[in-house]
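A short write-up of the structure that comes next.
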Protein chains: 2
Amino acid sequence: MDDVKFVLDENELPKKWYNVNADLPKPLDPPLHPMTLEPLGPEDLAPLFPMECIKQEMSPERYIDIPGEVRDVLRLWRPSPLYRARRLEKLLKTPAKIYYKWEGVSPPGSHKPNTAVAQAYYNMKEGIERISTETGAGQWGSSLAFATKLFELECMVYMVKCSYEQKPYRRIMMEAWGAKVVPSPSELTDAGKAILKKDSKCPGSLGIAISEAVNDAMAKENTHYSLGSVLNHVCIHQSVVGLEAKKQLEMAGEEKADIVVGCVGGGSNFAGLAFPYVHDKVNGADIDIVAVEPMACPTLTKGTYAYDYGDTAKMAPIVKMYTLGHDFVPEPIHAGGLRYHGDSPQLSLLVSEGVIRAEAYHQIECFDAAKMFAETEGFLVAPETSHAVKGAIEAALKCKESGEERVIVFNNSGHGHFDLAAYDAYHQGKLVDYEYPAELIKQSLKNLPDVGGN
Amino acid sequence: MDDVKFVLDENELPKKWYNVNADLPKPLDPPLHPMTLEPLGPEDLAPLFPMECIKQEMSPERYIDIPGEVRDVLRLWRPSPLYRARRLEKLLKTPAKIYYKWEGVSPPGSHKPNTAVAQAYYNMKEGIERISTETGAGQWGSSLAFATKLFELECMVYMVKCSYEQKPYRRIMMEAWGAKVVPSPSELTDAGKAILKKDSKCPGSLGIAISEAVNDAMAKENTHYSLGSVLNHVCIHQSVVGLEAKKQLEMAGEEKADIVVGCVGGGSNFAGLAFPYVHDKVNGADIDIVAVEPMACPTLTKGTYAYDYGDTAKMAPIVKMYTLGHDFVPEPIHAGGLRYHGDSPQLSLLVSEGVIRAEAYHQIECFDAAKMFAETEGFLVAPETSHAVKGAIEAALKCKESGEERVIVFNNSGHGHFDLAAYDAYHQGKLVDYEYPAELIKQSLKNLPDVGGN
């Protein structure tokens with residue numbers, strides 16, 4: 001039995017999501033309103049999100065039912081396969097067993113639709129007819145475009161202008177699923193107009209695009225806003241990844257996972273695989289849970305655990321999290337999805353309590369890992385995902401040193417078909433590693449809000 | 001039980017390929033040498049192909065063992081899933097059941113690696129160290145690059161120059177798997193140099209690229225040439241698609257397929273799904289087997305069944321096939337992989353004998369079908385594949401008229417992630433339908449070789 005691929009029938013798609021709120025070693029500090037600095041209530045979020053998502057945000061329940069109509073869409077590609085990377089193990093000459101969950105099989109090509117589908121469904125159920133969102137490189141926007149099309153909602157995507165111009169393929173993909181995509185800043189929102197008035201050639205940023213999408217949702221009838229990471233309901237929806245992986249590791253004959261690895265931007269990619277293992281760990285299992293981030297945006301390894309704004313414009317809630325400061329602007333690494341100054345509050349608490357540990361790597365060594373992966377396992381991964389590959393390879397090499405036959409599993413969260421320009425730069429030796437931005441972080445951490453013991 | 005996805009364990013990957021030679025209703029006319037016009041022997045092909053492939057080319061055996069090392073690579077993504085397109089059925093309001101085999105899960109994203117892996121393996125076994133090939137848009141080149149990397153062979157790809165310049169992503173993908181890719185015509189071969197001497201700005205063509213790849217294989221030590229379609233060994237390697245589909249339709253509770261649909265360029269995409277059903281049909285099963293081709297290159301519907309050269313340069317063997325004439329140059333439709341003047345000799349014989357029938361469609365109606373598919377089933381298919389989608393939809397609509405609950409299965413052969421510029425043109429209303437090229441065909445059919453009753 002040298003199986004490399006463990007597949008589940010669609011009937012084995014989980015019927016419940018896992019919610020890490022039930023297993024946190026201590027209570028979360030409450031999120032605060034960005035204007036009043038008072039604790040945030042459901043009513044503050046209601047103009048933006050469906051009530052079911054708001055409930056999940058705060059829910060203490062360990063398991064939450066996945067609606068039948070959501071499972072009905074997820075099964076178009078789920079359960080996703082779990083692979084054993086035998087060819088990679090052989091190349092590394094490691095006694096460790098490396099498994100990976102392959103999320104690139106979804107139509108948009110990443111883990112993102114796991115939550116996009118649920119969010120589109122809940123909005124549809126509440127009678128919402130239109131959803132606005134922002135996107136950078138387009139992974140999130142294309143996932144929401146796909147999900148809203150299947151539930152017959154309109155989708156409005158504010159795409160960071162420089163990405164809109166440089167990366168037309170993701171934009172076209174969104175349009176193929178019927179979304180309206182505009183370069184941000186745009187003339188369609190007050191937020192966009194104000195910025196264009198100051199600088200008509202502004203290349204845009206994720207912060208500006210968020211402001212426009214929120215602005216749009218507030219201003220238009222029957223419109224909600226949707227976010228692709230950070231929030232707890234997003235992490236909950238991603239838990240299908242880890243729940244499936246557990247069943248599949250059992251199929252593979254493994255008693256447990258010893259090392260669980262994922263990459264971290266806002267946290268939901270990582271949470272998808274790792275949070276269901278947090279449940280085991282807080283109940284006594286010996287598991288090393290490793291969050292991998294880019295050295296150019298080292299939130300968990302070099303940031304501070306404190307209250308901070310979720311966005312640069314100070315419009316998003318203030319939450320207790322690891323942060324580099326809401327003013328921090330990371331260098332333009334190719335893993336655009338990992339360039340966030342903060343992190344999921346749940347993930348941050350778990351790192352602060354020592355349940356999860358973090359590592360940071362430079363982008364060139366991550367591309368080295370991705371290249372090694374492509375040459376053995378075949379799949380070309382996204383630059384974000386290359387951080388998880390790097391983390392898994394490092395763990396496997398440590399097992400080689402120690403001679404331990406440990407079970408490693410990582411979240412292979414998406415393909416790199418729209419990131420080939422980054423691979424080209426890598427092949428041509430044009431990629432650069434940015435120095436660890438110590439001074440910048442020091443400066444931006446000076447601007448944390450003056451609340452809750454900061 | 002409303003399942004949409006039928007997955008097989010990797011242990012159910014077929015152990016034998018199917019060879020349609022065993023079920024042809026009459027013998028094939030022999031291939032002829034392009035210079036001597038005499039029947040071709042194995043020794044004529046030996047400088048280009050491994051002996052095992054040459055044997056398969058002529059083999060009368062119905063089933064041929066798949067080597068363990070080939071299965072070992074194929075299982076990285078095989079068996080591929082069979083889907084029931086319930087959402088598409090619902091939209092069409094058809095009583096027909098539409099199933100599709102999804103080949104986009106392979107690392108290069110199409111069915112092409114099914115044969116690339118086998119060819120790389122046989123070459124490796126014969127001590128060949130390097131394989132040359134040509135590629136247009138890059139589907140075939142990237143599949144061979146992937147396969148050769150896993151068997152540690154060098155890969156040399158001559159990529160049609162205008163594609164090399166316009167479509168860098170496939171080129172980068174090939175390089176990620178370690179292939180050397182050069183724009184053709186190049187200065188690396190005598191064939192390329194001769195053309196550049198006449199026209200230094202020549203944009204290249206598939207015919208020229210083939211000449212360069214063959215030239216390279218003949219000139220260099222330990223180098224073979226590899227072809228991605230048309231030949232019988234290629235069609236044999238693709239038969240895993242249909243063999244798996246049969247098992248999966250059984251899982252789905254279907255007694256048999258009633259209508260089998262695929263798109264046709266050189267024929268191997270179509271053969272992969274359809275040839276295993278030819279076996280059933282010649283043994284009495286009532287199956288409508290439909291080959292779909294572009295109206296701009298209507299080989300099976302408007303060509304002649306006659307001896308013709310396999311290539312424009314008259315270097316390839318002369319075979320009995322449906323042809324538009326080796327001089328025929330189709331309009332630049334986006335389905336580049338379907339722009340071949342001829343077709344597989346086996347497929348041609350089966351069409352001529354009425355076992356398989358052919359349909360032709362314009363590209364805009366094929367993109368309409370692909371768009372409908374993306375909006376219901378989620379997957380964005382390649383322009384080539386959109387022809388199979390169109391064929392399946394047409395069949396389903398006929399079932400709607402007649403009220404018949406027939407079982408349709410088509411080969412969804414690859415994703416369109418590198419074809420989004422074509423989708424963009426479609427969205428913007430810039431796609432054109434080329435008129436049926438009656439006069440051009442009439443002219444090019446005048447130049448058939450004067451052999452075997454032509």
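In the structure tokens, the first chain shown is A, the next is B, and so on; residue numbers restart at 1 for each chain, and ligands run from 1 in the order shown.
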
**Study point:** Contact residues (chain A, partner chain B, 6 Å, only C-alpha atoms) as a PyMOL selection string
**Key:** chain A and resi 107+169+172+177+375+378-379+420+424

Review point. Stretch 105-193 of chain A: which residues are alpha helix (DSSP H) by DSSP, as a VMD selection string?
Key: chain A and resid 113 to 125 139 to 150 161 to 166 168 to 176 190 to 193

Check your understanding: Which residues come within 12 Å of B:Lys90, counting only C-alpha atoms, excluding same-chain residues fewer than 2 positions away, as a list in words?
Key ->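 My reading of the contact set: Arg84, Ala85, Arg86, Arg87, Leu88, Leu92, Lys93, Thr94, Pro95, Ala96, Lys97, Ile98, Met372, Phe373, Thr376, Glu377, Ile393, Ala396, Leu397 and Lys400 of chain B.
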
Check your understanding: Which polymer residues have any atom within 9 Å of an atom of A:Thr312, counting only C-alpha atoms, with same-chain residues fewer than 3 positions away left out, as a ChimeraX atom specification?
Key -> /A:207-208,309,315-316,325-328

Practice item. Could you please write out, as a list in words, every residue of stretch 162-236 of chain B that DSSP assigns to strand (DSSP E or B)? Key: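 Selecting the strand (DSSP E or B) positions of stretch 162-236 of chain B gives Lys180, Val181, Val182, Pro183, Ser184, Thr223, His224 and Tyr225 of chain B.
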
Review point. Quick one: residues within 10 Å of stretch 430-440 of chain B, only C-alpha atoms counted, chain neighbours fewer than 5 positions away excluded, as number ranges by chain?
Key: B: 294-298, 302-303, 324-325, 327-334, 361-365, 367, 422-425, 445

Practice item. Can you work out the spacing between atom CA of A:Val241 and atom CA of A:Glu404 in Å, to one decimal? Key: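 Calculated distance between atom CA of A:Val241 and atom CA of A:Glu404 is 26.1 Å.
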
**Study point:** Shell around stretch 26-33 of chain A at 7 Å using only C-alpha atoms, local window under 3 positions removed, as a list in words
**Key:**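 Once the nearby chain positions are removed, what remains is Thr36, Leu37, Glu38, Pro39, Leu40, Pro317, Ile318, Val319 and Lys320 of chain A.
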
Point to revise | Interatomic distance, atom CA of B:Ile287 to atom CA of B:Val407 (Å, one decimal) | key: 9.8 Å

Point to revise | Residue nearest B:Gly310 - candidates B:Ala179, B:Leu231, B:Val157, B:Ala271, atoms counted: only C-alpha atoms | key: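 Of B:Ala179, B:Leu231, B:Val157, B:Ala271, the one nearest B:Gly310 is B:Leu231, counting only C-alpha atoms.
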
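Rounded to one decimal, atom CA of A:Ala137 and atom CA of A:Ile195 lie 20.8 Å from each other.
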
Point to revise | Nearest to A:Ser143 by atom-to-atom distance, counting only C-alpha atoms, from A:Ala46, A:Leu227, A:Val182, A:Ile210 | key: A:Leu227

Exercise for review: Could you check which of B:Gly262, B:Pro47, B:Gly272, B:Pro449 is closest to B:Val290, using only C-alpha atoms?
Suggested key: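 When distances to B:Val290 are compared using only C-alpha atoms, the smallest one comes from B:Gly262.
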